[in-house]
Each structure stands twice: as structure tokens, then as C-alpha cells.
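Trainee: Pasting final_35.pdb below, which is PDB, C-alpha atoms (C1' of nucleotides).
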ATOM      1  CA  MET D   1     -19.621 -14.097  13.527  1.00  0.00           C
ATOM      2  CA  LYS D   2     -19.976 -15.511  10.169  1.00  0.00           C
ATOM      3  CA  LYS D   3     -17.434 -15.752   7.475  1.00  0.00           C
ATOM      4  CA  LYS D   4     -16.929 -12.559   5.588  1.00  0.00           C
ATOM      5  CA  VAL D   5     -16.789 -14.340   2.325  1.00  0.00           C
ATOM      6  CA  ILE D   6     -19.123 -13.181  -0.349  1.00  0.00           C
ATOM      7  CA  ASP D   7     -20.973 -16.019  -1.934  1.00  0.00           C
ATOM      8  CA  ARG D   8     -19.958 -15.768  -5.541  1.00  0.00           C
ATOM      9  CA  ARG D   9     -22.859 -17.941  -6.539  1.00  0.00           C
ATOM     10  CA  LEU D  10     -25.263 -15.681  -4.743  1.00  0.00           C
ATOM     11  CA  VAL D  11     -23.837 -12.606  -6.388  1.00  0.00           C
ATOM     12  CA  TYR D  12     -24.214 -14.109  -9.811  1.00  0.00           C
ATOM     13  CA  GLU D  13     -27.664 -15.356  -9.090  1.00  0.00           C
ATOM     14  CA  LEU D  14     -28.765 -11.981  -7.899  1.00  0.00           C
ATOM     15  CA  LEU D  15     -27.203 -10.325 -10.862  1.00  0.00           C
ATOM     16  CA  LYS D  16     -28.812 -12.798 -13.184  1.00  0.00           C
ATOM     17  CA  GLN D  17     -32.132 -11.854 -11.741  1.00  0.00           C
ATOM     18  CA  VAL D  18     -31.684  -8.376 -13.186  1.00  0.00           C
ATOM     19  CA  PRO D  19     -33.979  -8.147 -16.204  1.00  0.00           C
ATOM     20  CA  LYS D  20     -32.878  -6.790 -19.536  1.00  0.00           C
ATOM     21  CA  GLY D  21     -32.944  -3.053 -19.883  1.00  0.00           C
ATOM     22  CA  ARG D  22     -32.324  -2.671 -16.209  1.00  0.00           C
ATOM     23  CA  VAL D  23     -29.161  -1.851 -14.307  1.00  0.00           C
ATOM     24  CA  THR D  24     -27.968  -2.197 -10.782  1.00  0.00           C
ATOM     25  CA  THR D  25     -25.047  -0.996  -8.748  1.00  0.00           C
ATOM     26  CA  TYR D  26     -22.271  -2.889  -7.091  1.00  0.00           C
ATOM     27  CA  GLY D  27     -23.300  -1.502  -3.755  1.00  0.00           C
ATOM     28  CA  ALA D  28     -26.875  -2.638  -4.134  1.00  0.00           C
ATOM     29  CA  LEU D  29     -25.671  -5.973  -5.328  1.00  0.00           C
ATOM     30  CA  ALA D  30     -23.340  -6.191  -2.399  1.00  0.00           C
ATOM     31  CA  ARG D  31     -26.202  -5.493  -0.061  1.00  0.00           C
ATOM     32  CA  ALA D  32     -28.304  -8.092  -1.733  1.00  0.00           C
ATOM     33  CA  VAL D  33     -25.695 -10.692  -1.011  1.00  0.00           C
ATOM     34  CA  GLY D  34     -25.360  -9.488   2.530  1.00  0.00           C
ATOM     35  CA  HIS D  35     -22.175  -7.502   2.105  1.00  0.00           C
ATOM     36  CA  PRO D  36     -23.147  -3.842   2.085  1.00  0.00           C
ATOM     37  CA  ASP D  37     -19.533  -2.836   2.412  1.00  0.00           C
ATOM     38  CA  SER D  38     -18.148  -5.132  -0.182  1.00  0.00           C
ATOM     39  CA  ALA D  39     -19.279  -3.229  -3.216  1.00  0.00           C
ATOM     40  CA  ARG D  40     -15.791  -3.362  -4.517  1.00  0.00           C
ATOM     41  CA  ALA D  41     -15.583  -7.014  -3.844  1.00  0.00           C
ATOM     42  CA  ILE D  42     -18.515  -7.467  -6.137  1.00  0.00           C
ATOM     43  CA  GLY D  43     -16.565  -5.846  -8.902  1.00  0.00           C
ATOM     44  CA  ALA D  44     -13.719  -8.136  -8.092  1.00  0.00           C
ATOM     45  CA  LEU D  45     -15.977 -11.099  -8.600  1.00  0.00           C
ATOM     46  CA  MET D  46     -17.239  -9.679 -11.841  1.00  0.00           C
ATOM     47  CA  ARG D  47     -13.768  -9.021 -13.018  1.00  0.00           C
ATOM     48  CA  SER D  48     -12.998 -12.646 -13.388  1.00  0.00           C
ATOM     49  CA  ASN D  49     -16.650 -13.306 -14.138  1.00  0.00           C
ATOM     50  CA  PRO D  50     -16.306 -17.063 -14.101  1.00  0.00           C
ATOM     51  CA  TYR D  51     -19.955 -17.393 -14.944  1.00  0.00           C
ATOM     52  CA  ALA D  52     -19.727 -15.169 -17.989  1.00  0.00           C
ATOM     53  CA  PRO D  53     -21.645 -14.616 -20.089  1.00  0.00           C
ATOM     54  CA  ALA D  54     -24.284 -16.142 -17.907  1.00  0.00           C
ATOM     55  CA  VAL D  55     -23.788 -13.185 -15.643  1.00  0.00           C
ATOM     56  CA  PRO D  56     -24.614  -9.828 -17.232  1.00  0.00           C
ATOM     57  CA  CYS D  57     -21.841  -7.991 -15.489  1.00  0.00           C
ATOM     58  CA  HIS D  58     -22.316  -5.225 -18.004  1.00  0.00           C
ATOM     59  CA  ARG D  59     -25.590  -4.409 -16.332  1.00  0.00           C
ATOM     60  CA  VAL D  60     -23.818  -3.395 -13.199  1.00  0.00           C
ATOM     61  CA  VAL D  61     -22.930   0.259 -12.884  1.00  0.00           C
ATOM     62  CA  TYR D  62     -21.739   2.753 -10.346  1.00  0.00           C
ATOM     63  CA  SER D  63     -23.979   4.003  -7.588  1.00  0.00           C
ATOM     64  CA  ASP D  64     -23.658   7.426  -9.140  1.00  0.00           C
ATOM     65  CA  GLY D  65     -25.371   6.229 -12.241  1.00  0.00           C
ATOM     66  CA  ARG D  66     -22.235   6.072 -14.294  1.00  0.00           C
ATOM     67  CA  LEU D  67     -21.125   3.058 -16.173  1.00  0.00           C
ATOM     68  CA  GLY D  68     -18.220   2.218 -13.993  1.00  0.00           C
ATOM     69  CA  GLY D  69     -15.455   0.205 -15.457  1.00  0.00           C
ATOM     70  CA  TYR D  70     -14.991  -2.620 -17.794  1.00  0.00           C
ATOM     71  CA  GLY D  71     -11.768  -4.358 -18.557  1.00  0.00           C
ATOM     72  CA  GLY D  72      -9.706  -1.832 -16.701  1.00  0.00           C
ATOM     73  CA  MET D  73     -11.951   1.112 -17.350  1.00  0.00           C
ATOM     74  CA  LYS D  74     -11.187   0.893 -21.015  1.00  0.00           C
ATOM     75  CA  GLY D  75     -14.134  -1.000 -22.383  1.00  0.00           C
ATOM     76  CA  ALA D  76     -16.638   1.195 -20.617  1.00  0.00           C
ATOM     77  CA  GLY D  77     -17.693   2.497 -24.001  1.00  0.00           C
ATOM     78  CA  ARG D  78     -18.512  -1.021 -25.098  1.00  0.00           C
ATOM     79  CA  LYS D  79     -20.542  -1.536 -21.992  1.00  0.00           C
ATOM     80  CA  ALA D  80     -22.468   1.631 -22.695  1.00  0.00           C
ATOM     81  CA  ARG D  81     -23.300   0.334 -26.118  1.00  0.00           C
ATOM     82  CA  MET D  82     -24.513  -2.947 -24.782  1.00  0.00           C
ATOM     83  CA  LEU D  83     -26.727  -1.277 -22.259  1.00  0.00           C
ATOM     84  CA  ALA D  84     -28.057   1.107 -24.855  1.00  0.00           C
ATOM     85  CA  LYS D  85     -28.887  -1.873 -26.957  1.00  0.00           C
ATOM     86  CA  GLU D  86     -30.842  -3.379 -24.116  1.00  0.00           C
ATOM     87  CA  GLY D  87     -32.819  -0.231 -23.642  1.00  0.00           C
ATOM     88  CA  VAL D  88     -30.658   1.585 -21.153  1.00  0.00           C
ATOM     89  CA  LYS D  89     -29.784   4.899 -22.673  1.00  0.00           C
ATOM     90  CA  VAL D  90     -26.292   5.987 -21.895  1.00  0.00           C
ATOM     91  CA  LYS D  91     -25.224   9.528 -22.494  1.00  0.00           C
ATOM     92  CA  ASN D  92     -21.629  10.520 -22.271  1.00  0.00           C
ATOM     93  CA  GLY D  93     -20.832   7.718 -19.874  1.00  0.00           C
ATOM     94  CA  ARG D  94     -23.824   8.569 -17.780  1.00  0.00           C
ATOM     95  CA  ILE D  95     -26.953   6.469 -17.719  1.00  0.00           C
ATOM     96  CA  VAL D  96     -30.026   8.407 -18.667  1.00  0.00           C
ATOM     97  CA  ASP D  97     -32.725   8.116 -16.051  1.00  0.00           C
ATOM     98  CA  PHE D  98     -30.469   5.911 -14.075  1.00  0.00           C
ATOM     99  CA  GLU D  99     -32.871   5.571 -11.192  1.00  0.00           C
ATOM    100  CA  LYS D 100     -35.518   4.750 -13.714  1.00  0.00           C
ATOM    101  CA  HIS D 101     -33.514   1.862 -15.060  1.00  0.00           C
ATOM    102  CA  TYR D 102     -32.233   1.005 -11.662  1.00  0.00           C
ATOM    103  CA  PHE D 103     -33.307  -2.414 -10.535  1.00  0.00           C
ATOM    104  CA  GLU D 104     -33.218  -3.062  -6.853  1.00  0.00           C
ATOM    105  CA  ILE D 105     -32.255  -6.634  -6.278  1.00  0.00           C
ATOM    106  CA  SER D 106     -34.142  -8.625  -3.714  1.00  0.00           C
ATOM    107  CA  PRO D 107     -31.922 -10.244  -1.127  1.00  0.00           C
ATOM    108  CA  GLN D 108     -32.795 -13.737  -2.112  1.00  0.00           C
ATOM    109  CA  THR D 109     -31.348 -16.324   0.152  1.00  0.00           C
ATOM    110  CA  LEU D 110     -31.011 -18.791  -2.650  1.00  0.00           C
ATOM    111  CA  SER D 111     -30.753 -22.352  -1.420  1.00  0.00           C
ATOM    112  CA  SER D 112     -29.006 -21.338   1.740  1.00  0.00           C
ATOM    113  CA  SER D 113     -30.996 -21.230   4.907  1.00  0.00           C
ATOM    114  CA  PRO D 114     -31.271 -17.677   6.225  1.00  0.00           C
ATOM    115  CA  GLN D 115     -31.053 -18.912   9.773  1.00  0.00           C
ATOM    116  CA  SER D 116     -31.326 -15.475  11.243  1.00  0.00           C
ATOM    117  CA  VAL D 117     -29.686 -15.160  14.595  1.00  0.00           C
TER     118      VAL D 117
ATOM    119  C1'  DA V   1       1.892 -16.504   1.808  1.00  0.00           C
ATOM    120  C1'  DA V   2       2.415 -11.835  -0.059  1.00  0.00           C
ATOM    121  C1'  DT V   3       1.859  -8.244  -3.648  1.00  0.00           C
ATOM    122  C1'  DA V   4      -0.550  -5.948  -7.043  1.00  0.00           C
ATOM    123  C1'  DT V   5      -4.739  -5.031  -9.309  1.00  0.00           C
ATOM    124  C1'  DG V   6      -9.371  -3.575  -9.649  1.00  0.00           C
ATOM    125  C1'  DG V   7     -15.608  -3.128 -13.453  1.00  0.00           C
ATOM    126  C1'  DC V   8     -16.709   0.837  -6.133  1.00  0.00           C
ATOM    127  C1'  DA V   9     -18.707   4.010  -2.518  1.00  0.00           C
ATOM    128  C1'  DC V  10     -18.753   8.000   0.113  1.00  0.00           C
ATOM    129  C1'  DA V  11     -17.172  12.462   1.968  1.00  0.00           C
ATOM    130  C1'  DA V  12     -15.200  16.716   1.553  1.00  0.00           C
ATOM    131  C1'  DA V  13     -13.505  20.815  -0.976  1.00  0.00           C
TER     132       DA V  13
ATOM    133  C1'  DC I   1     -21.431  19.976 -10.770  1.00  0.00           C
ATOM    134  C1'  DT I   2     -16.547  18.258 -10.825  1.00  0.00           C
ATOM    135  C1'  DT I   3     -12.479  16.539  -8.730  1.00  0.00           C
ATOM    136  C1'  DT I   4      -9.612  14.472  -5.023  1.00  0.00           C
ATOM    137  C1'  DG I   5      -8.725  11.328  -1.377  1.00  0.00           C
ATOM    138  C1'  DT I   6      -9.696   7.515   1.494  1.00  0.00           C
ATOM    139  C1'  DG I   7     -11.659   2.950   2.993  1.00  0.00           C
ATOM    140  C1'  DC I   8     -13.190  -1.811   1.999  1.00  0.00           C
ATOM    141  C1'  DC I   9     -12.870  -6.291   0.131  1.00  0.00           C
ATOM    142  C1'  DA I  10     -11.904 -10.209  -2.958  1.00  0.00           C
ATOM    143  C1'  DT I  11      -9.254 -12.198  -6.992  1.00  0.00           C
ATOM    144  C1'  DA I  12      -5.317 -13.484  -9.569  1.00  0.00           C
ATOM    145  C1'  DT I  13      -0.539 -14.428  -9.973  1.00  0.00           C
TER     146       DT I  13
END
Would you mind writing the structure in this file as C-alpha cells?
Mentor:
Amino acid sequence: MKKKVIDRRLVYELLKQVPKGRVTTYGALARAVGHPDSARAIGALMRSNPYAPAVPCHRVVYSDGRLGGYGGMKGAGRKARMLAKEGVKVKNGRIVDFEKHYFEISPQTLSSSPQSV
DNA sequence: AATATGGCACAAA
DNA sequence: CTTTGTGCCATAT
């Protein structure tokens, strides 16, 4: 039993590893950090985004390929614009070729020791 | 410490 | 395909 605390640092690091013009989902990100069920938690971390703008939280979208939210689901339009500017085409709130722009994050263990049990 | 909020995911209809 | 409802978790105040 380990602590069920998502490593903020790890989340940001993983997110930072997402190249420009590429997008990922909270779920995938959550998995990358070792919390496959904490997709929402990831959003929670992004919400405060203490590492902003070092962390491109705007590159994180829904698993459905939609944009998701941004500032209370109000600045989603802005997010779309940013992504479009980076090369991710967004059409009517939906990412074009989402899976094509989708970037699967590698579960890097960062500086922590994996110590698999 | 507890409540409210929130930038999600998945299933079913 | 769209919409509704539920479950999960962490943050901020």
C-alpha cells in the first residue's frame, strides 16, 4: 500500500514532456503518473497550475478528443486557439485528428526509484 | 477539519 | 452521434 497521492511534480514533468503540436488526455496523464483513476485529480492539479506557464496545461484535453475545460469551462475557446496555433487543429471544440495529435506519455519514473514490489 | 469546486472518464439510453 | 448520470480524486478556502 502506497500513498494515493499523485506526485504533482511528476504530473508536470510528464506534461512538460509533451511536445508542441501534440495533446494528451488527463486519463493518459494520470496513468503516466501511476494514477489511472485519478484523471480528474490531474485536472485538479492543473487548475491551480503552480508551475504555469512551465506546464502546458492547455495541451491536455479530454479522452474523447474534446478540449475539456479551462478556467471553469469558459476559456475553452482560448485553449482551442492556443492549440490551433501550435498545430493542433480544433474544430468546433473538437480536436481534428485527435488521435493523430495524441501524444502518449511514457511513464517516466523521474528521480524516484521505481522499486517495483 | 469540512465544504465546495472542478480543466475528467466511462457507461448507458 | 448526443445527452445524462455516476464515480473518483485532489485543491483551495
Trainee: Applying the PyMOL selection byres ((chain D) within 7 of (chain V)) to the file I just gave you, which residues come out? Please list them as a PDB file with C-alpha atoms, in the frame of the given file.
Mentor:
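Contents of part.pdb, as written:
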ATOM      1  CA  TYR D  26     -22.271  -2.889  -7.091  1.00  0.00           C
ATOM      2  CA  ALA D  39     -19.279  -3.229  -3.216  1.00  0.00           C
ATOM      3  CA  ARG D  40     -15.791  -3.362  -4.517  1.00  0.00           C
ATOM      4  CA  GLY D  43     -16.565  -5.846  -8.902  1.00  0.00           C
ATOM      5  CA  ALA D  44     -13.719  -8.136  -8.092  1.00  0.00           C
ATOM      6  CA  MET D  46     -17.239  -9.679 -11.841  1.00  0.00           C
ATOM      7  CA  ARG D  47     -13.768  -9.021 -13.018  1.00  0.00           C
ATOM      8  CA  TYR D  62     -21.739   2.753 -10.346  1.00  0.00           C
ATOM      9  CA  GLY D  68     -18.220   2.218 -13.993  1.00  0.00           C
ATOM     10  CA  GLY D  69     -15.455   0.205 -15.457  1.00  0.00           C
ATOM     11  CA  TYR D  70     -14.991  -2.620 -17.794  1.00  0.00           C
ATOM     12  CA  GLY D  71     -11.768  -4.358 -18.557  1.00  0.00           C
ATOM     13  CA  GLY D  72      -9.706  -1.832 -16.701  1.00  0.00           C
ATOM     14  CA  MET D  73     -11.951   1.112 -17.350  1.00  0.00           C
TER      15      MET D  73
END
Trainee: Per residue of chain D within 12 Å of chain I, record the nearest atom pair and its distance in Å to one decimal, counting all atoms listed in the file, with rows in chain order and ascending residue number, as JSON lines.
Mentor:
{"residue": "D:Lys4", "atom": "CA", "partner": "I:DC9", "partner_atom": "C1'", "distance": 9.2}
{"residue": "D:Val5", "atom": "CA", "partner": "I:DA10", "partner_atom": "C1'", "distance": 8.3}
{"residue": "D:Ile6", "atom": "CA", "partner": "I:DA10", "partner_atom": "C1'", "distance": 8.2}
{"residue": "D:Asp7", "atom": "CA", "partner": "I:DA10", "partner_atom": "C1'", "distance": 10.8}
{"residue": "D:Arg8", "atom": "CA", "partner": "I:DA10", "partner_atom": "C1'", "distance": 10.1}
{"residue": "D:Gly27", "atom": "CA", "partner": "I:DC8", "partner_atom": "C1'", "distance": 11.6}
{"residue": "D:Ala30", "atom": "CA", "partner": "I:DC9", "partner_atom": "C1'", "distance": 10.8}
{"residue": "D:His35", "atom": "CA", "partner": "I:DC9", "partner_atom": "C1'", "distance": 9.6}
{"residue": "D:Pro36", "atom": "CA", "partner": "I:DC8", "partner_atom": "C1'", "distance": 10.2}
{"residue": "D:Asp37", "atom": "CA", "partner": "I:DC8", "partner_atom": "C1'", "distance": 6.4}
{"residue": "D:Ser38", "atom": "CA", "partner": "I:DC9", "partner_atom": "C1'", "distance": 5.4}
{"residue": "D:Ala39", "atom": "CA", "partner": "I:DC9", "partner_atom": "C1'", "distance": 7.9}
{"residue": "D:Arg40", "atom": "CA", "partner": "I:DC9", "partner_atom": "C1'", "distance": 6.2}
{"residue": "D:Ala41", "atom": "CA", "partner": "I:DC9", "partner_atom": "C1'", "distance": 4.9}
{"residue": "D:Ile42", "atom": "CA", "partner": "I:DA10", "partner_atom": "C1'", "distance": 7.8}
{"residue": "D:Gly43", "atom": "CA", "partner": "I:DA10", "partner_atom": "C1'", "distance": 8.7}
{"residue": "D:Ala44", "atom": "CA", "partner": "I:DA10", "partner_atom": "C1'", "distance": 5.8}
{"residue": "D:Leu45", "atom": "CA", "partner": "I:DT11", "partner_atom": "C1'", "distance": 7.0}
{"residue": "D:Met46", "atom": "CA", "partner": "I:DT11", "partner_atom": "C1'", "distance": 9.7}
{"residue": "D:Arg47", "atom": "CA", "partner": "I:DT11", "partner_atom": "C1'", "distance": 8.2}
{"residue": "D:Ser48", "atom": "CA", "partner": "I:DT11", "partner_atom": "C1'", "distance": 7.4}
{"residue": "D:Asn49", "atom": "CA", "partner": "I:DT11", "partner_atom": "C1'", "distance": 10.3}
{"residue": "D:Pro50", "atom": "CA", "partner": "I:DT11", "partner_atom": "C1'", "distance": 11.1}
Trainee: In Å, how far is it from CA of Asp97 in chain D to CA of Arg9 in chain D?
Mentor: 29.4 Å
Trainee: Kindly give the distance, in Å, that separates CA of Ala76 in chain D and CA of Ala32 in chain D, rounded to a single decimal.
Mentor: 24.1 Å
Trainee: If you measure from CA of Lys100 in chain D to CA of Leu14 in chain D, what distance in Å do you get, rounded to one decimal?
Mentor: 19.0 Å
Trainee: Could you tell me which residues the PyMOL selection byres ((chain D and resi 86) around 10) returns for this structure, as a list in words?
Mentor: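 So the PyMOL selection byres ((chain D and resi 86) around 10), applied here, picks out Pro19, Lys20, Gly21, Arg22, Arg59, Ala80, Arg81, Met82, Leu83, Ala84, Lys85, Gly87, Val88 and Lys89 of chain D.
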Trainee: I would like the residues chosen by the PyMOL selection byres ((chain D and resi 23) around 6) on the shown file; could you give them as number ranges by chain?
Mentor: D: 22, 24, 59-60, 101-103
Trainee: List the spatial neighbours of range 92-94 of chain D as a ChimeraX atom specification - criterion: any atom at most 7 Å away, all atoms listed in the file, same-chain residues fewer than 6 positions off excluded.
Mentor: /D:65-67,80
Trainee: Any chance you could work out the axis-aligned box around chain I, listed atoms only, 6 Å on each side, giving centre and edge lengths in Å to one decimal, as lines of an AutoDock Vina configuration file?
Mentor:
center_x = -11.0
center_y = 2.8
center_z = -3.9
size_x = 32.9
size_y = 46.4
size_z = 25.8
